[in-house]
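Colleague: For reference, the structure I am asking about is given below.
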Protein chains: 4
Amino acid sequence: MPYITRRKVRFQHCDPAAIVFYPRYFEMINSVIEDYFAEVVEVDFRAMHVERHVGVPTVSIETHFHAPSHLGDELEFSLEPTAVGTTSLTLSIRACCGDEARLSCQSTLVFVDMDSGRPIPWPDAMRQRLVSELA
Amino acid sequence: MPYITRRKVRFQHCDPAAIVFYPRYFEMINSVIEDYFAEVVEVDFRAMHVERHVGVPTVSIETHFHAPSHLGDELEFSLEPTAVGTTSLTLSIRACCGDEARLSCQSTLVFVDMDSGRPIPWPDAMRQRLVSELA
Amino acid sequence: MPYITRRKVRFQHCDPAAIVFYPRYFEMINSVIEDYFAEVVEVDFRAMHVERHVGVPTVSIETHFHAPSHLGDELEFSLEPTAVGTTSLTLSIRACCGDEARLSCQSTLVFVDMDSGRPIPWPDAMRQRLVSELA
Amino acid sequence: MPYITRRKVRFQHCDPAAIVFYPRYFEMINSVIEDYFAEVVEVDFRAMHVERHVGVPTVSIETHFHAPSHLGDELEFSLEPTAVGTTSLTLSIRACCGDEARLSCQSTLVFVDMDSGRPIPWPDAMRQRLVSELA
């Protein structure tokens with residue numbers, strides 16, 4: 001079952017054509033991943049970055065934009081993990097508005113010790129959570 | 001009674017000190033004004049910009065930042081109109097986290113015909129709504 | 001010969017780890033494409049969006065982040081077209097800092113009539129320019 | 001003599017009316033302050049934030065937007081300090097496009113130890129630089 005959350009297309013997301021400027025989609029995607037970690041993995045970004053000095057930087061992201069999103073649209077984002085490596089995580093993310101697909105995205109991120117900048121293995125509790133959520 | 005809405009301090013809002021980078025506060029402030037127009041004035045930004053070719057550009061904004069906001073903070077924004085002119089509107093906006101004031105802001109915007117770029121009088125329905133909400 | 005331009009990693013691009021937050025890279029990438037159209041294709045975004053009501057929305061973008069970029073880094077971006085279709089354009093974009101690769105990206109965009117939202121063929125002059133620049 | 005630097009109005013700065021969305025002006029303003037510190041005060045933000053764990057957060061900012069800026073405009077920003085306190089600095093910043101004033105802004109920032117979050121006195125070298133630049 002994918003994780004589902006919603007985002008409204010706001011004025012700040014829109015370009016001179018009154019459609020979402022695609023770098024703003026990546027802010028939305030990051031906020032969806034942020035909520036997924038807080039709500040499903042149960043380790044939020046504040047705990048990671050401020051308390052534990054770890055993070056989940058993105059190493060690759062491939063995105064297809066199927067149709068433009070307009071000011072005021074309500075987007076439904078769905079996210080599910082598709083692969084969990086020793087230090088990495090691949091996520092499949094989609095956004096639609098009603099029946100219309102707007103974007104689909106595959107993102108790979110890595111669990112990193114922010115002090116050294118090096119990948120480190122997922123802690124057992126996080127890993128088990130992620131594996132149990134695999135598509 | 002001021003209009004109240006909440007915003008979470010997300011990763012995308014934070015600077016290298018893990019506190020809100022102040023230009024991101026202005027995105028939040030704009031989104032609060034956007035919700036106020038949609039929910040209280042009952043004319044949303046899509047109706048204004050896309051359908052009617054009108055807008056509410058900001059002509060001046062004065063902001064005091066009382067204390068930093070950190071990643072993960074839940075901010076409560078309150079907004080109320082303090083003056084309604086023929087074509088203008090002055091808003092008082094505050095944000096706090098629990099008991100702590102984070103920012104206070106006075107913003108003046110103008111109702112504008114986006115085709116000509118010129119201020120035009122508030123339509124009666126919008127004006128009455130705004131006047132009835134005066135602090 | 002790829003088109004070359006530089007961008008400095010500014011405070012506004014950086015996250016709580018003092019490295020570039022990846023959505024900000026897409027703003028940089030878009031600004032590099034913007035300069036490429038203005039300087040090489042010789043049709044700038046103002047002429048496209050405001051005067052001709054055409055645009056070049058991105059339909060897909062695949063990006064690999066090879067190493068983090070830090071506050072103050074000077075990035076060298078290189079861009080070259082790798083395919084020119086009837087209505088589409090594929091660009092290969094790279095960024096490095098000194099000898100170190102930071103990102104590589106393949107982006108496909110489409111020439112669109114912004115009034116109808118539909119792809120239209122590249123005008124001959126733009127097409128010839130793009131074809132002459134193919135990698 | 002005020003410090004002068006230029007910024008181009010890019011696609012990423014513009015809203016559905018193809019004019020600068022005002023939160024983007026604050027990113028420009030911050031980048032102008034960043035360049036001022038690097039070039040005139042001769043202490044850049046990387047040295048401050050990463051090496052010394054100090055920063056210059058904004059405590060208040062008052063801005064007047066005199067006329068809209070359009071996609072493609074070349075803005076000339078001028079900045080000069082108007083007051084140097086023990087721990088604070090007030091800057092007057094203006095932007096124009098050709099002969100037309102676009103914004104004027106008064107910003108007060110404070111020199112802060114980022115570990116404690118507390119204001120600390122300007123180091124002598126920075127203070128002398130700032131005082132010598134007073135309007």
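Residue numbers start at 1 in each chain; chains themselves are named A, B, ... in the order of the structure tokens; ligands are numbered from 1 in the order shown.
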Could you tell me, as a PDB file with N, CA, C and O atoms, in the first residue's frame, which residues of chain B DSSP assigns to strand (DSSP E or B) when given the backbone?

Modeller:
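Below is the file that was written, out.pdb:
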ATOM      1  N   TYR B   3      -7.697  35.468  11.578  1.00  0.00           N
ATOM      2  CA  TYR B   3      -7.666  34.191  10.863  1.00  0.00           C
ATOM      3  C   TYR B   3      -6.413  33.434  11.311  1.00  0.00           C
ATOM      4  O   TYR B   3      -5.328  34.017  11.399  1.00  0.00           O
ATOM      5  N   ILE B   4      -6.579  32.138  11.607  1.00  0.00           N
ATOM      6  CA  ILE B   4      -5.471  31.325  12.124  1.00  0.00           C
ATOM      7  C   ILE B   4      -5.198  30.153  11.177  1.00  0.00           C
ATOM      8  O   ILE B   4      -6.141  29.478  10.737  1.00  0.00           O
ATOM      9  N   THR B   5      -3.936  29.893  10.895  1.00  0.00           N
ATOM     10  CA  THR B   5      -3.574  28.702  10.122  1.00  0.00           C
ATOM     11  C   THR B   5      -2.163  28.288  10.540  1.00  0.00           C
ATOM     12  O   THR B   5      -1.443  29.075  11.153  1.00  0.00           O
ATOM     13  N   ARG B   6      -1.795  27.075  10.241  1.00  0.00           N
ATOM     14  CA  ARG B   6      -0.503  26.547  10.708  1.00  0.00           C
ATOM     15  C   ARG B   6       0.411  26.163   9.550  1.00  0.00           C
ATOM     16  O   ARG B   6      -0.057  25.794   8.478  1.00  0.00           O
ATOM     17  N   ARG B   7       1.702  26.279   9.798  1.00  0.00           N
ATOM     18  CA  ARG B   7       2.707  25.845   8.820  1.00  0.00           C
ATOM     19  C   ARG B   7       3.814  25.125   9.576  1.00  0.00           C
ATOM     20  O   ARG B   7       4.242  25.597  10.638  1.00  0.00           O
ATOM     21  N   LYS B   8       4.293  24.038   8.997  1.00  0.00           N
ATOM     22  CA  LYS B   8       5.399  23.301   9.583  1.00  0.00           C
ATOM     23  C   LYS B   8       6.707  23.789   8.969  1.00  0.00           C
ATOM     24  O   LYS B   8       6.783  24.009   7.753  1.00  0.00           O
ATOM     25  N   CYS B  14      14.938  25.690   5.523  1.00  0.00           N
ATOM     26  CA  CYS B  14      16.045  25.888   6.474  1.00  0.00           C
ATOM     27  C   CYS B  14      17.389  26.146   5.797  1.00  0.00           C
ATOM     28  O   CYS B  14      17.705  25.595   4.744  1.00  0.00           O
ATOM     29  N   ILE B  19      17.896  26.794  10.675  1.00  0.00           N
ATOM     30  CA  ILE B  19      16.781  27.696  11.017  1.00  0.00           C
ATOM     31  C   ILE B  19      16.193  28.250   9.723  1.00  0.00           C
ATOM     32  O   ILE B  19      16.817  28.184   8.663  1.00  0.00           O
ATOM     33  N   VAL B  20      14.982  28.796   9.837  1.00  0.00           N
ATOM     34  CA  VAL B  20      14.309  29.273   8.619  1.00  0.00           C
ATOM     35  C   VAL B  20      15.107  30.409   7.973  1.00  0.00           C
ATOM     36  O   VAL B  20      15.460  31.393   8.641  1.00  0.00           O
ATOM     37  N   VAL B  54      -7.054  39.659 -12.336  1.00  0.00           N
ATOM     38  CA  VAL B  54      -6.764  40.632 -11.287  1.00  0.00           C
ATOM     39  C   VAL B  54      -5.774  39.986 -10.318  1.00  0.00           C
ATOM     40  O   VAL B  54      -5.561  38.772 -10.354  1.00  0.00           O
ATOM     41  N   GLY B  55      -5.177  40.789  -9.489  1.00  0.00           N
ATOM     42  CA  GLY B  55      -4.228  40.240  -8.529  1.00  0.00           C
ATOM     43  C   GLY B  55      -4.082  41.176  -7.353  1.00  0.00           C
ATOM     44  O   GLY B  55      -4.696  42.260  -7.324  1.00  0.00           O
ATOM     45  N   THR B  58       1.936  42.924  -3.529  1.00  0.00           N
ATOM     46  CA  THR B  58       2.364  43.584  -2.300  1.00  0.00           C
ATOM     47  C   THR B  58       3.083  44.881  -2.649  1.00  0.00           C
ATOM     48  O   THR B  58       3.970  44.882  -3.501  1.00  0.00           O
ATOM     49  N   VAL B  59       2.708  45.977  -2.004  1.00  0.00           N
ATOM     50  CA  VAL B  59       3.412  47.243  -2.253  1.00  0.00           C
ATOM     51  C   VAL B  59       4.385  47.599  -1.137  1.00  0.00           C
ATOM     52  O   VAL B  59       5.357  48.301  -1.363  1.00  0.00           O
ATOM     53  N   SER B  60       4.112  47.112   0.066  1.00  0.00           N
ATOM     54  CA  SER B  60       5.110  47.295   1.122  1.00  0.00           C
ATOM     55  C   SER B  60       4.917  46.230   2.174  1.00  0.00           C
ATOM     56  O   SER B  60       3.808  45.715   2.370  1.00  0.00           O
ATOM     57  N   ILE B  61       6.001  45.870   2.809  1.00  0.00           N
ATOM     58  CA  ILE B  61       5.940  44.848   3.846  1.00  0.00           C
ATOM     59  C   ILE B  61       7.061  45.122   4.845  1.00  0.00           C
ATOM     60  O   ILE B  61       8.210  45.351   4.458  1.00  0.00           O
ATOM     61  N   GLU B  62       6.677  45.165   6.122  1.00  0.00           N
ATOM     62  CA  GLU B  62       7.639  45.431   7.194  1.00  0.00           C
ATOM     63  C   GLU B  62       7.569  44.250   8.150  1.00  0.00           C
ATOM     64  O   GLU B  62       6.488  43.911   8.639  1.00  0.00           O
ATOM     65  N   THR B  63       8.709  43.640   8.385  1.00  0.00           N
ATOM     66  CA  THR B  63       8.712  42.397   9.153  1.00  0.00           C
ATOM     67  C   THR B  63       9.779  42.437  10.230  1.00  0.00           C
ATOM     68  O   THR B  63      10.912  42.861   9.981  1.00  0.00           O
ATOM     69  N   HIS B  64       9.398  41.988  11.415  1.00  0.00           N
ATOM     70  CA  HIS B  64      10.343  41.826  12.523  1.00  0.00           C
ATOM     71  C   HIS B  64      10.430  40.345  12.860  1.00  0.00           C
ATOM     72  O   HIS B  64       9.399  39.688  13.018  1.00  0.00           O
ATOM     73  N   PHE B  65      11.655  39.862  12.945  1.00  0.00           N
ATOM     74  CA  PHE B  65      11.884  38.462  13.284  1.00  0.00           C
ATOM     75  C   PHE B  65      12.330  38.415  14.751  1.00  0.00           C
ATOM     76  O   PHE B  65      13.425  38.896  15.085  1.00  0.00           O
ATOM     77  N   HIS B  70      13.096  26.673  14.003  1.00  0.00           N
ATOM     78  CA  HIS B  70      13.950  25.527  13.714  1.00  0.00           C
ATOM     79  C   HIS B  70      13.208  24.450  12.928  1.00  0.00           C
ATOM     80  O   HIS B  70      11.977  24.330  13.025  1.00  0.00           O
ATOM     81  N   GLU B  74       6.320  23.755  14.584  1.00  0.00           N
ATOM     82  CA  GLU B  74       4.966  24.015  14.081  1.00  0.00           C
ATOM     83  C   GLU B  74       4.650  25.482  14.362  1.00  0.00           C
ATOM     84  O   GLU B  74       4.574  25.887  15.525  1.00  0.00           O
ATOM     85  N   LEU B  75       4.456  26.261  13.321  1.00  0.00           N
ATOM     86  CA  LEU B  75       4.185  27.687  13.483  1.00  0.00           C
ATOM     87  C   LEU B  75       2.688  27.962  13.363  1.00  0.00           C
ATOM     88  O   LEU B  75       2.016  27.409  12.478  1.00  0.00           O
ATOM     89  N   GLU B  76       2.195  28.805  14.248  1.00  0.00           N
ATOM     90  CA  GLU B  76       0.807  29.255  14.126  1.00  0.00           C
ATOM     91  C   GLU B  76       0.820  30.680  13.587  1.00  0.00           C
ATOM     92  O   GLU B  76       1.379  31.584  14.223  1.00  0.00           O
ATOM     93  N   PHE B  77       0.235  30.850  12.428  1.00  0.00           N
ATOM     94  CA  PHE B  77       0.137  32.183  11.825  1.00  0.00           C
ATOM     95  C   PHE B  77      -1.248  32.760  12.125  1.00  0.00           C
ATOM     96  O   PHE B  77      -2.260  32.049  12.006  1.00  0.00           O
ATOM     97  N   SER B  78      -1.279  34.047  12.498  1.00  0.00           N
ATOM     98  CA  SER B  78      -2.559  34.742  12.604  1.00  0.00           C
ATOM     99  C   SER B  78      -2.511  35.963  11.701  1.00  0.00           C
ATOM    100  O   SER B  78      -1.458  36.576  11.528  1.00  0.00           O
ATOM    101  N   LEU B  79      -3.644  36.259  11.091  1.00  0.00           N
ATOM    102  CA  LEU B  79      -3.728  37.355  10.119  1.00  0.00           C
ATOM    103  C   LEU B  79      -5.008  38.120  10.377  1.00  0.00           C
ATOM    104  O   LEU B  79      -6.071  37.512  10.541  1.00  0.00           O
ATOM    105  N   GLU B  80      -4.911  39.452  10.389  1.00  0.00           N
ATOM    106  CA  GLU B  80      -6.150  40.222  10.350  1.00  0.00           C
ATOM    107  C   GLU B  80      -5.940  41.532   9.609  1.00  0.00           C
ATOM    108  O   GLU B  80      -4.874  42.137   9.676  1.00  0.00           O
ATOM    109  N   PRO B  81      -6.975  41.953   8.888  1.00  0.00           N
ATOM    110  CA  PRO B  81      -6.879  43.234   8.184  1.00  0.00           C
ATOM    111  C   PRO B  81      -6.938  44.377   9.190  1.00  0.00           C
ATOM    112  O   PRO B  81      -7.695  44.309  10.162  1.00  0.00           O
ATOM    113  N   THR B  82      -6.123  45.399   8.956  1.00  0.00           N
ATOM    114  CA  THR B  82      -6.127  46.557   9.849  1.00  0.00           C
ATOM    115  C   THR B  82      -6.572  47.827   9.123  1.00  0.00           C
ATOM    116  O   THR B  82      -6.876  48.820   9.767  1.00  0.00           O
ATOM    117  N   ALA B  83      -6.606  47.810   7.800  1.00  0.00           N
ATOM    118  CA  ALA B  83      -7.100  48.967   7.045  1.00  0.00           C
ATOM    119  C   ALA B  83      -7.529  48.501   5.662  1.00  0.00           C
ATOM    120  O   ALA B  83      -6.834  47.698   5.032  1.00  0.00           O
ATOM    121  N   VAL B  84      -8.683  48.996   5.223  1.00  0.00           N
ATOM    122  CA  VAL B  84      -9.178  48.698   3.874  1.00  0.00           C
ATOM    123  C   VAL B  84      -9.363  50.021   3.152  1.00  0.00           C
ATOM    124  O   VAL B  84     -10.190  50.842   3.562  1.00  0.00           O
ATOM    125  N   SER B  88      -6.645  49.369  -1.682  1.00  0.00           N
ATOM    126  CA  SER B  88      -5.575  48.734  -0.898  1.00  0.00           C
ATOM    127  C   SER B  88      -6.109  47.959   0.297  1.00  0.00           C
ATOM    128  O   SER B  88      -7.288  48.066   0.667  1.00  0.00           O
ATOM    129  N   LEU B  89      -5.203  47.203   0.891  1.00  0.00           N
ATOM    130  CA  LEU B  89      -5.531  46.402   2.072  1.00  0.00           C
ATOM    131  C   LEU B  89      -4.263  46.284   2.905  1.00  0.00           C
ATOM    132  O   LEU B  89      -3.201  45.940   2.371  1.00  0.00           O
ATOM    133  N   THR B  90      -4.370  46.586   4.198  1.00  0.00           N
ATOM    134  CA  THR B  90      -3.238  46.386   5.089  1.00  0.00           C
ATOM    135  C   THR B  90      -3.557  45.243   6.039  1.00  0.00           C
ATOM    136  O   THR B  90      -4.647  45.184   6.611  1.00  0.00           O
ATOM    137  N   LEU B  91      -2.599  44.329   6.139  1.00  0.00           N
ATOM    138  CA  LEU B  91      -2.776  43.133   6.950  1.00  0.00           C
ATOM    139  C   LEU B  91      -1.731  43.106   8.057  1.00  0.00           C
ATOM    140  O   LEU B  91      -0.564  43.444   7.827  1.00  0.00           O
ATOM    141  N   SER B  92      -2.140  42.670   9.224  1.00  0.00           N
ATOM    142  CA  SER B  92      -1.208  42.397  10.323  1.00  0.00           C
ATOM    143  C   SER B  92      -1.091  40.878  10.444  1.00  0.00           C
ATOM    144  O   SER B  92      -2.100  40.181  10.572  1.00  0.00           O
ATOM    145  N   ILE B  93       0.131  40.389  10.360  1.00  0.00           N
ATOM    146  CA  ILE B  93       0.379  38.947  10.367  1.00  0.00           C
ATOM    147  C   ILE B  93       1.399  38.631  11.453  1.00  0.00           C
ATOM    148  O   ILE B  93       2.399  39.344  11.592  1.00  0.00           O
ATOM    149  N   ARG B  94       1.125  37.603  12.217  1.00  0.00           N
ATOM    150  CA  ARG B  94       2.057  37.180  13.264  1.00  0.00           C
ATOM    151  C   ARG B  94       2.265  35.680  13.161  1.00  0.00           C
ATOM    152  O   ARG B  94       1.372  34.954  12.722  1.00  0.00           O
ATOM    153  N   ALA B  95       3.426  35.232  13.579  1.00  0.00           N
ATOM    154  CA  ALA B  95       3.656  33.792  13.703  1.00  0.00           C
ATOM    155  C   ALA B  95       4.277  33.519  15.058  1.00  0.00           C
ATOM    156  O   ALA B  95       5.143  34.272  15.518  1.00  0.00           O
ATOM    157  N   CYS B  96       3.808  32.458  15.698  1.00  0.00           N
ATOM    158  CA  CYS B  96       4.410  32.051  16.965  1.00  0.00           C
ATOM    159  C   CYS B  96       4.583  30.529  16.949  1.00  0.00           C
ATOM    160  O   CYS B  96       4.006  29.818  16.131  1.00  0.00           O
ATOM    161  N   CYS B  97       5.406  30.060  17.880  1.00  0.00           N
ATOM    162  CA  CYS B  97       5.577  28.625  18.078  1.00  0.00           C
ATOM    163  C   CYS B  97       5.351  28.409  19.565  1.00  0.00           C
ATOM    164  O   CYS B  97       6.164  28.850  20.385  1.00  0.00           O
ATOM    165  N   GLU B 100       6.058  31.393  22.045  1.00  0.00           N
ATOM    166  CA  GLU B 100       7.132  32.280  21.602  1.00  0.00           C
ATOM    167  C   GLU B 100       6.798  32.953  20.278  1.00  0.00           C
ATOM    168  O   GLU B 100       6.567  32.267  19.272  1.00  0.00           O
ATOM    169  N   ALA B 101       6.836  34.301  20.275  1.00  0.00           N
ATOM    170  CA  ALA B 101       6.638  35.049  19.036  1.00  0.00           C
ATOM    171  C   ALA B 101       7.836  34.819  18.119  1.00  0.00           C
ATOM    172  O   ALA B 101       8.986  34.860  18.570  1.00  0.00           O
ATOM    173  N   ARG B 102       7.562  34.565  16.862  1.00  0.00           N
ATOM    174  CA  ARG B 102       8.642  34.369  15.897  1.00  0.00           C
ATOM    175  C   ARG B 102       8.751  35.535  14.917  1.00  0.00           C
ATOM    176  O   ARG B 102       9.829  35.979  14.592  1.00  0.00           O
ATOM    177  N   LEU B 103       7.607  36.005  14.432  1.00  0.00           N
ATOM    178  CA  LEU B 103       7.661  37.170  13.541  1.00  0.00           C
ATOM    179  C   LEU B 103       6.368  37.949  13.648  1.00  0.00           C
ATOM    180  O   LEU B 103       5.307  37.409  13.980  1.00  0.00           O
ATOM    181  N   SER B 104       6.480  39.257  13.365  1.00  0.00           N
ATOM    182  CA  SER B 104       5.292  40.081  13.180  1.00  0.00           C
ATOM    183  C   SER B 104       5.528  40.927  11.951  1.00  0.00           C
ATOM    184  O   SER B 104       6.656  41.348  11.680  1.00  0.00           O
ATOM    185  N   CYS B 105       4.465  41.148  11.221  1.00  0.00           N
ATOM    186  CA  CYS B 105       4.592  41.682   9.872  1.00  0.00           C
ATOM    187  C   CYS B 105       3.394  42.559   9.557  1.00  0.00           C
ATOM    188  O   CYS B 105       2.261  42.240   9.939  1.00  0.00           O
ATOM    189  N   GLN B 106       3.643  43.674   8.904  1.00  0.00           N
ATOM    190  CA  GLN B 106       2.556  44.489   8.368  1.00  0.00           C
ATOM    191  C   GLN B 106       2.755  44.585   6.861  1.00  0.00           C
ATOM    192  O   GLN B 106       3.805  45.039   6.399  1.00  0.00           O
ATOM    193  N   SER B 107       1.748  44.127   6.146  1.00  0.00           N
ATOM    194  CA  SER B 107       1.848  44.062   4.691  1.00  0.00           C
ATOM    195  C   SER B 107       0.715  44.856   4.057  1.00  0.00           C
ATOM    196  O   SER B 107      -0.433  44.750   4.488  1.00  0.00           O
ATOM    197  N   THR B 108       1.054  45.659   3.045  1.00  0.00           N
ATOM    198  CA  THR B 108       0.010  46.376   2.301  1.00  0.00           C
ATOM    199  C   THR B 108       0.009  45.898   0.870  1.00  0.00           C
ATOM    200  O   THR B 108       1.060  45.847   0.208  1.00  0.00           O
ATOM    201  N   LEU B 109      -1.154  45.498   0.417  1.00  0.00           N
ATOM    202  CA  LEU B 109      -1.282  45.034  -0.964  1.00  0.00           C
ATOM    203  C   LEU B 109      -2.361  45.855  -1.649  1.00  0.00           C
ATOM    204  O   LEU B 109      -3.135  46.569  -1.007  1.00  0.00           O
ATOM    205  N   VAL B 110      -2.378  45.764  -2.967  1.00  0.00           N
ATOM    206  CA  VAL B 110      -3.280  46.575  -3.771  1.00  0.00           C
ATOM    207  C   VAL B 110      -4.017  45.661  -4.750  1.00  0.00           C
ATOM    208  O   VAL B 110      -3.420  44.720  -5.279  1.00  0.00           O
ATOM    209  N   VAL B 112      -5.336  44.944  -8.211  1.00  0.00           N
ATOM    210  CA  VAL B 112      -4.805  45.430  -9.482  1.00  0.00           C
ATOM    211  C   VAL B 112      -5.434  44.675 -10.657  1.00  0.00           C
ATOM    212  O   VAL B 112      -5.642  43.464 -10.588  1.00  0.00           O
ATOM    213  N   ASP B 113      -5.740  45.409 -11.698  1.00  0.00           N
ATOM    214  CA  ASP B 113      -6.098  44.827 -12.998  1.00  0.00           C
ATOM    215  C   ASP B 113      -4.791  44.380 -13.657  1.00  0.00           C
ATOM    216  O   ASP B 113      -3.970  45.221 -14.040  1.00  0.00           O
ATOM    217  N   ARG B 118      -2.856  48.444 -13.348  1.00  0.00           N
ATOM    218  CA  ARG B 118      -3.303  49.580 -12.528  1.00  0.00           C
ATOM    219  C   ARG B 118      -4.209  49.130 -11.368  1.00  0.00           C
ATOM    220  O   ARG B 118      -5.006  48.211 -11.526  1.00  0.00           O
ATOM    221  N   PRO B 119      -4.094  49.848 -10.226  1.00  0.00           N
ATOM    222  CA  PRO B 119      -5.001  49.575  -9.110  1.00  0.00           C
ATOM    223  C   PRO B 119      -6.449  49.851  -9.518  1.00  0.00           C
ATOM    224  O   PRO B 119      -6.715  50.802 -10.264  1.00  0.00           O
TER     225      PRO B 119
END

Colleague: Going by DSSP on the backbone, which residues of chain C come out as helix (DSSP H, G or I)? List them as number ranges by chain.

Modeller: C: 11-13, 22-41, 45-52, 124-132

Colleague: Could those selected residues go to a file with C-alpha atoms, as a short mmCIF file (atom, residue, chain, number, x, y, z; two decimals), in the first residue's frame?

Modeller:
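For reference, again-v9.cif as written:
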data_model
loop_
_atom_site.label_atom_id
_atom_site.label_comp_id
_atom_site.auth_asym_id
_atom_site.auth_seq_id
_atom_site.Cartn_x
_atom_site.Cartn_y
_atom_site.Cartn_z
CA PHE C 11 23.44 30.62 0.99
CA GLN C 12 19.95 30.34 -0.55
CA HIS C 13 20.90 27.04 -2.23
CA TYR C 22 18.78 19.35 -4.76
CA PRO C 23 15.62 21.28 -5.79
CA ARG C 24 17.88 24.36 -5.96
CA TYR C 25 20.05 22.56 -8.55
CA PHE C 26 16.98 22.44 -10.79
CA GLU C 27 16.64 26.22 -10.50
CA MET C 28 20.30 26.49 -11.53
CA ILE C 29 19.76 24.01 -14.40
CA ASN C 30 16.74 25.99 -15.59
CA SER C 31 18.74 29.22 -15.47
CA VAL C 32 21.49 27.57 -17.55
CA ILE C 33 18.91 26.50 -20.15
CA GLU C 34 17.51 30.07 -20.04
CA ASP C 35 20.95 31.52 -20.80
CA TYR C 36 21.51 28.94 -23.54
CA PHE C 37 18.30 29.97 -25.30
CA ALA C 38 19.14 33.68 -24.94
CA GLU C 39 22.78 33.44 -25.98
CA VAL C 40 23.01 30.48 -28.37
CA VAL C 41 19.50 29.89 -29.76
CA PHE C 45 12.44 33.46 -22.41
CA ARG C 46 10.88 36.93 -22.33
CA ALA C 47 10.44 36.86 -26.12
CA MET C 48 9.02 33.35 -25.90
CA HIS C 49 6.68 33.73 -22.93
CA VAL C 50 5.59 37.35 -23.08
CA GLU C 51 5.70 38.19 -26.79
CA ARG C 52 5.07 34.89 -28.61
CA ASP C 124 13.13 26.86 -38.73
CA ALA C 125 15.61 29.37 -37.32
CA MET C 126 15.54 27.84 -33.83
CA ARG C 127 15.71 24.32 -35.25
CA GLN C 128 18.73 25.10 -37.41
CA ARG C 129 20.52 26.65 -34.48
CA LEU C 130 19.82 23.63 -32.27
CA VAL C 131 20.79 21.09 -34.95
CA SER C 132 24.07 22.94 -35.60
#

Colleague: Using only C-alpha atoms and a distance of at most 6 Å, pull out the residues of chain B that contact chain C, as a list of chain:residue names.

Modeller: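 Only these qualify: B:Asp15, B:Pro16, B:Ala17, B:Ala18.
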